[in-house]
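*Asks:* Take this structure, written in structure tokens, and hold onto it; I'll ask about it next.
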Amino acid sequence: MPLKTLRLLCCPLLTLFFIASNCLRGTSARPVYSGVTAHEWGTFTSVAGPDGQAVEWSPLAGSTDLPGFVEQFQKGGYKLGLRGTVRMETPVLYFYAPAEQTVSVQVSFSKGVITEWYPHASRVEPHTSLHDGSLYYANQPDGSIAWDSVTLSPSLAEDFPHEARSDRYYAARATTSTPLRVQTPTGEQHEKFLFYRGVSVFPVPISAAVTSAGQVRAQNRGNFTFPSVILFERRGEKVGYRIAGVLQTEASLDPPELTATVDSLARDLEGILVAQGLYQNEAQAMVETWRDSWFEEGSRLLYIVPPELVNVVLPLSIKPAPMQTTRVFVGRLELVTPATASAVERAFAEHDRATLAKYARFLEPILKTMIESTLDSDKAKEFHDDLNAYYTSQFR
């Protein structure tokens, strides 16, 4: 019998210490789990250029759609100064806890920056000011946000901040998630979720190009499988959509007939979101939050972002680790179809502000795509003039 074993058998106290220390070494690297469930949803918005790939644009142009209590990086002073390929919109992180518990949360954003959030965060990095092409610099660090102490309180009264004006932000509260509180230098803040937004230049691994025959060719440009793809179009009060299902390599989609309704698409989309793991009321809250945006004028490809891609682009850490975490993101790739180009050209010629407002923040990439796509030099000059007029209006 080995001497070490003999000594252990002769000394029970030493034996217990030996066993305990080995157990601790074996478990020290394992995460500590809680009885909490975490569910998150959000969107990635991009604009497709002539070749179908996501192009650079100014995601923060235009007025904010957030209530005044939401905090902003650089106090929203970007205008046309911060450019990117992806606008990460309204990720909301829900928690479901059987009893009061405190967790810490950190999210990183690959090749991006966090621009808005609520409640007050412990840290938002980087600290340096951003402008123009900052996100394209090789030495630009990834953005991140952290809440060091979030108390989940099932018994907390739902006394959340609210402003008089209607705002899509509030629709996200229509769930059964556990209320939470965060201590700040000016007192406690209460909410139903953690909220944040951002801008990034990470490569969008899906493209959608309009062919000469009028079809939309969607291509998977990454190593992920897209669970569901939807082609949507709206012209005035007429809407249509085509659900393509799973996208593994590529698919050619015919333009949808404009005979559907927004309500029917909302129901279908809710079903898709539930199939991806959201609770029914979470799916309803997500669709209600983005109903006026996803289903607005124009054409776009809506797709379920592969969960593996979400975890690569947006690493999430919650401690203690929830017993279950579900993350469901919808991608939106705005398309410049002939119908969209014609509508924008006509609206500029007729000074039709109402129509231009329908395309709002997408006007810059739409006009740039029109410039690149035309072979008529006179038309190109006209579109350049329209683009300059758009820039002037943004700086007023």
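Labels for the structure tokens follow display order: chains A, B, ..., residues from 1 in each chain, ligands from 1.
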Write out, as a Markdown table, each residue of range 73-124 of chain A that has an atom at most 12 Å from range 168-174 of chain A, together with the closest pair of atoms and their distance in Å to one decimal, counting only C-alpha atoms, rows going by chain and rising number.

*Replies:*
| residue | atom | partner | partner_atom | distance |
| --- | --- | --- | --- | --- |
| A:Glu89 | CA | A:Tyr169 | CA | 10.9 |
| A:Thr90 | CA | A:Tyr169 | CA | 8.1 |
| A:Pro91 | CA | A:Ala172 | CA | 9.9 |
| A:Val92 | CA | A:Ala172 | CA | 7.6 |
| A:Leu93 | CA | A:Ala172 | CA | 10.0 |
| A:Tyr94 | CA | A:Arg173 | CA | 9.5 |
| A:Trp117 | CA | A:Tyr169 | CA | 11.5 |
| A:Tyr118 | CA | A:Tyr169 | CA | 10.9 |

*Asks:* What lies within 12 Å of Asp148 in chain A using only C-alpha atoms, ignoring chain neighbours under 5 positions off, as an MDAnalysis selection string?

*Replies:* chainID A and resid 102:107 119:124 181:184 317:320

*Asks:* Which is closest to Leu314 in chain A among A:His39, A:Arg234, A:Arg221, A:Arg327, if we use only C-alpha atoms?

*Replies:*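 Ranking A:His39, A:Arg234, A:Arg221, A:Arg327 by distance to Leu314 in chain A, first place goes to A:Arg327.
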
*Asks:* Can you tell me which residues surround range 203-216 of chain A at a distance of at most 6 Å, considering only C-alpha atoms, apart from same-chain residues fewer than 3 positions away, and format the answer as a PyMOL selection string?

*Replies:* chain A and resi 51-53+219-222+252-254

*Asks:* Closest to Ala38 in chain A among A:Ser200, A:Thr325, A:His190, A:Pro256, using only C-alpha atoms?

*Replies:* A:Thr325

*Asks:* Quick one: everything within 9 Å of range 291-297 of chain A, counting only C-alpha atoms, minus sequence neighbours fewer than 4 positions away in the same chain. Send it as a list in words.

*Replies:* Arg168, Phe232, Glu233, Arg234, Arg235, Gly236, Glu237, Val239, Val262, Leu265, Ala266, Met286, Val287, Leu302, Arg332, Thr340, Lys358 and Tyr359 of chain A

*Asks:* The selected residues should be written to file as a PDB file, in the first residue's frame (atoms: N, CA and C atoms).

*Replies:*
ATOM      1  N   ARG A 168     -42.495  53.590 -27.971  1.00  0.00           N
ATOM      2  CA  ARG A 168     -42.414  52.145 -28.130  1.00  0.00           C
ATOM      3  C   ARG A 168     -41.637  51.476 -26.988  1.00  0.00           C
ATOM      4  N   PHE A 232     -40.537  41.170 -46.780  1.00  0.00           N
ATOM      5  CA  PHE A 232     -41.700  42.015 -46.510  1.00  0.00           C
ATOM      6  C   PHE A 232     -41.689  43.240 -47.415  1.00  0.00           C
ATOM      7  N   GLU A 233     -42.881  43.675 -47.836  1.00  0.00           N
ATOM      8  CA  GLU A 233     -42.989  44.900 -48.636  1.00  0.00           C
ATOM      9  C   GLU A 233     -44.266  45.634 -48.253  1.00  0.00           C
ATOM     10  N   ARG A 234     -44.154  46.964 -48.213  1.00  0.00           N
ATOM     11  CA  ARG A 234     -45.330  47.797 -47.967  1.00  0.00           C
ATOM     12  C   ARG A 234     -45.314  48.989 -48.901  1.00  0.00           C
ATOM     13  N   ARG A 235     -46.445  49.223 -49.558  1.00  0.00           N
ATOM     14  CA  ARG A 235     -46.635  50.398 -50.413  1.00  0.00           C
ATOM     15  C   ARG A 235     -47.970  51.023 -50.033  1.00  0.00           C
ATOM     16  N   GLY A 236     -47.879  52.115 -49.296  1.00  0.00           N
ATOM     17  CA  GLY A 236     -49.103  52.727 -48.807  1.00  0.00           C
ATOM     18  C   GLY A 236     -49.783  51.812 -47.818  1.00  0.00           C
ATOM     19  N   GLU A 237     -51.050  51.542 -48.034  1.00  0.00           N
ATOM     20  CA  GLU A 237     -51.799  50.665 -47.133  1.00  0.00           C
ATOM     21  C   GLU A 237     -51.744  49.201 -47.551  1.00  0.00           C
ATOM     22  N   VAL A 239     -49.808  45.688 -48.070  1.00  0.00           N
ATOM     23  CA  VAL A 239     -48.637  44.981 -47.553  1.00  0.00           C
ATOM     24  C   VAL A 239     -48.638  43.540 -48.046  1.00  0.00           C
ATOM     25  N   VAL A 262     -50.949  43.504 -41.883  1.00  0.00           N
ATOM     26  CA  VAL A 262     -49.932  43.614 -40.837  1.00  0.00           C
ATOM     27  C   VAL A 262     -50.261  42.675 -39.682  1.00  0.00           C
ATOM     28  N   LEU A 265     -49.124  39.077 -40.418  1.00  0.00           N
ATOM     29  CA  LEU A 265     -47.678  38.936 -40.287  1.00  0.00           C
ATOM     30  C   LEU A 265     -47.265  38.977 -38.824  1.00  0.00           C
ATOM     31  N   ALA A 266     -47.881  39.850 -38.049  1.00  0.00           N
ATOM     32  CA  ALA A 266     -47.563  39.929 -36.620  1.00  0.00           C
ATOM     33  C   ALA A 266     -47.808  38.587 -35.939  1.00  0.00           C
ATOM     34  N   MET A 286     -42.288  42.079 -28.163  1.00  0.00           N
ATOM     35  CA  MET A 286     -41.285  42.401 -29.178  1.00  0.00           C
ATOM     36  C   MET A 286     -41.940  42.905 -30.457  1.00  0.00           C
ATOM     37  N   VAL A 287     -42.952  42.182 -30.911  1.00  0.00           N
ATOM     38  CA  VAL A 287     -43.632  42.588 -32.149  1.00  0.00           C
ATOM     39  C   VAL A 287     -44.333  43.928 -31.954  1.00  0.00           C
ATOM     40  N   LEU A 302     -36.430  40.335 -43.220  1.00  0.00           N
ATOM     41  CA  LEU A 302     -36.396  40.081 -41.788  1.00  0.00           C
ATOM     42  C   LEU A 302     -35.908  38.654 -41.576  1.00  0.00           C
ATOM     43  N   ARG A 332     -32.754  42.845 -39.537  1.00  0.00           N
ATOM     44  CA  ARG A 332     -33.512  43.595 -40.542  1.00  0.00           C
ATOM     45  C   ARG A 332     -32.525  44.135 -41.568  1.00  0.00           C
ATOM     46  N   THR A 340     -38.835  51.394 -54.317  1.00  0.00           N
ATOM     47  CA  THR A 340     -38.350  52.336 -53.305  1.00  0.00           C
ATOM     48  C   THR A 340     -37.591  53.485 -53.946  1.00  0.00           C
ATOM     49  N   LYS A 358     -41.231  58.812 -44.492  1.00  0.00           N
ATOM     50  CA  LYS A 358     -41.455  57.383 -44.353  1.00  0.00           C
ATOM     51  C   LYS A 358     -40.155  56.596 -44.424  1.00  0.00           C
ATOM     52  N   TYR A 359     -39.178  57.156 -45.139  1.00  0.00           N
ATOM     53  CA  TYR A 359     -37.883  56.474 -45.281  1.00  0.00           C
ATOM     54  C   TYR A 359     -36.842  57.023 -44.306  1.00  0.00           C
TER      55      TYR A 359
END

*Asks:* Find the residue from A:Ile371, A:Leu130, A:Val150, A:Val310 that sits nearest to Thr326 in chain A; use only C-alpha atoms when measuring.

*Replies:*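 Among the listed residues, A:Val310 lies closest to Thr326 in chain A.
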
*Asks:* Run DSSP on the backbone of this structure and report the residues of range 227-279 of chain A it assigns to alpha helix (DSSP H), as a PyMOL selection string.

*Replies:* chain A and resi 262-275

*Asks:* Mind checking which residues fall within 6 Å of Val47 in chain A, counting only C-alpha atoms, ignoring those fewer than 4 positions away in the same chain, and posting them as JSON, numbers by chain?

*Replies:* {"A": [54, 55, 333, 334]}

*Asks:* Quick one: write out the picked residues with N, CA and C atoms as a short mmCIF file (atom, residue, chain, number, x, y, z; two decimals), in the first residue's frame?

*Replies:*
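Below is the file out-v1.cif, written as the result:
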data_model
loop_
_atom_site.label_atom_id
_atom_site.label_comp_id
_atom_site.auth_asym_id
_atom_site.auth_seq_id
_atom_site.Cartn_x
_atom_site.Cartn_y
_atom_site.Cartn_z
N ALA A 54 -24.43 44.57 -46.52
CA ALA A 54 -24.69 45.70 -45.63
C ALA A 54 -23.68 46.82 -45.88
N VAL A 55 -24.17 48.05 -45.99
CA VAL A 55 -23.32 49.20 -46.28
C VAL A 55 -23.20 50.10 -45.07
N LEU A 333 -32.70 43.73 -42.81
CA LEU A 333 -31.84 44.21 -43.89
C LEU A 333 -32.72 45.00 -44.86
N GLU A 334 -32.58 46.33 -44.82
CA GLU A 334 -33.40 47.20 -45.65
C GLU A 334 -32.97 47.09 -47.11
#

*Asks:* Here is a test: counting only C-alpha atoms, which residue of A:Phe193, A:Phe44, A:Trp290, A:Tyr136 is nearest to Glu158 in chain A?

*Replies:*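 Result for the nearest residue to Glu158 in chain A: A:Phe193.
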
*Asks:* Between A:Ala61, A:Ala275, A:Val201, A:Leu375, which residue has the minimum interatomic distance to Tyr390 in chain A, considering only C-alpha atoms?

*Replies:*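 Ranked by minimum distance to Tyr390 in chain A, first place goes to A:Ala61.
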
*Asks:* Mind checking which residues fall within 7 Å of Pro126 in chain A, counting only C-alpha atoms, ignoring those fewer than 2 positions away in the same chain, and posting them as a list in words?

*Replies:*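 Residues meeting the cut-off are Val124, Thr128, Pro141 and Gly143 of chain A.
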
*Asks:* Closest to Pro161 in chain A among A:Ala97, A:Val70, A:Leu82, A:Ala251, using only C-alpha atoms?

*Replies:*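 Of A:Ala97, A:Val70, A:Leu82, A:Ala251, the one nearest Pro161 in chain A, counting only C-alpha atoms, is A:Val70.
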
*Asks:* Apply DSSP to the backbone of this structure and, from range 218-339 of chain A, keep only the residues in strand (DSSP E or B); write these as a VMD selection string.

*Replies:* chain A and resid 218 to 220 226 to 235 238 to 247 250 to 253 260 298 to 304 316 to 319 321 324 to 335

*Asks:* Just the selected residues (C-alpha atoms), exported as a compact mmCIF listing (two decimals), in the first residue's frame, please.

*Replies:*
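Saved the output as out.txt:
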# COMPACT_ATOMS: atom_id res chain seq x y z
CA ALA A 218 -30.72 36.05 -50.14
CA GLN A 219 -27.30 34.55 -49.46
CA ASN A 220 -25.82 33.08 -46.31
CA PHE A 226 -30.53 31.19 -40.36
CA PRO A 227 -33.64 29.64 -38.76
CA SER A 228 -36.16 31.78 -40.66
CA VAL A 229 -36.23 34.45 -43.38
CA ILE A 230 -39.14 36.73 -44.33
CA LEU A 231 -39.39 39.09 -47.31
CA PHE A 232 -41.70 42.02 -46.51
CA GLU A 233 -42.99 44.90 -48.64
CA ARG A 234 -45.33 47.80 -47.97
CA ARG A 235 -46.63 50.40 -50.41
CA LYS A 238 -50.97 47.54 -49.13
CA VAL A 239 -48.64 44.98 -47.55
CA GLY A 240 -47.31 41.57 -48.42
CA TYR A 241 -44.78 39.08 -47.14
CA ARG A 242 -43.20 35.78 -48.04
CA ILE A 243 -41.82 33.38 -45.42
CA ALA A 244 -38.87 31.40 -46.79
CA GLY A 245 -38.05 29.26 -43.77
CA VAL A 246 -34.50 28.09 -43.07
CA LEU A 247 -31.64 29.68 -45.05
CA GLU A 250 -29.10 30.90 -50.65
CA ALA A 251 -32.68 31.41 -51.76
CA SER A 252 -34.42 33.42 -54.49
CA LEU A 253 -37.63 35.04 -53.31
CA ALA A 260 -51.77 40.41 -46.74
CA GLY A 298 -40.48 49.97 -48.20
CA SER A 299 -39.00 46.51 -48.62
CA ARG A 300 -36.85 44.53 -46.23
CA LEU A 301 -35.60 41.11 -45.35
CA LEU A 302 -36.40 40.08 -41.79
CA TYR A 303 -34.49 37.09 -40.41
CA ILE A 304 -33.88 35.26 -37.17
CA LEU A 316 -23.29 38.02 -22.36
CA SER A 317 -22.14 37.17 -18.83
CA ILE A 318 -24.57 36.84 -15.89
CA LYS A 319 -23.34 35.88 -12.43
CA ALA A 321 -25.29 32.01 -14.09
CA GLN A 324 -31.45 28.86 -18.50
CA THR A 325 -30.65 31.72 -20.89
CA THR A 326 -32.49 32.31 -24.17
CA ARG A 327 -31.52 35.03 -26.66
CA VAL A 328 -33.65 35.75 -29.74
CA PHE A 329 -32.64 38.50 -32.17
CA VAL A 330 -34.36 39.59 -35.38
CA GLY A 331 -32.20 40.95 -38.18
CA ARG A 332 -33.51 43.59 -40.54
CA LEU A 333 -31.84 44.21 -43.89
CA GLU A 334 -33.40 47.20 -45.65
CA LEU A 335 -33.66 46.79 -49.47

*Asks:* Which residues are near range 267-270 of chain A? Cut-off 7 Å, only C-alpha atoms, ignore same chain within fewer than 3 positions. Put them as a list in words.

*Replies:*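 Residues near the query, excluding close chain neighbours: Asp263, Ser264, Leu273, Val274, Ala283, Gln284 and Val287 of chain A.
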
*Asks:* Take CA of Gly112 in chain A and CA of Leu135 in chain A and report the distance between them in Å, one decimal.

*Replies:*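 Spanning CA of Gly112 in chain A to CA of Leu135 in chain A is a straight-line distance of 6.4 Å.
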
*Asks:* Calculate how many Å separate CA of Gln74 in chain A from CA of His127 in chain A, rounding to one decimal.

*Replies:*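 Rounded to one decimal, the two atoms are 9.4 Å apart.
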
*Asks:* Between CA of Phe95 in chain A and CA of Val36 in chain A, what is the distance in Å, rounded to a tenth?

*Replies:*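 Separation between CA of Phe95 in chain A and CA of Val36 in chain A: 6.7 Å.
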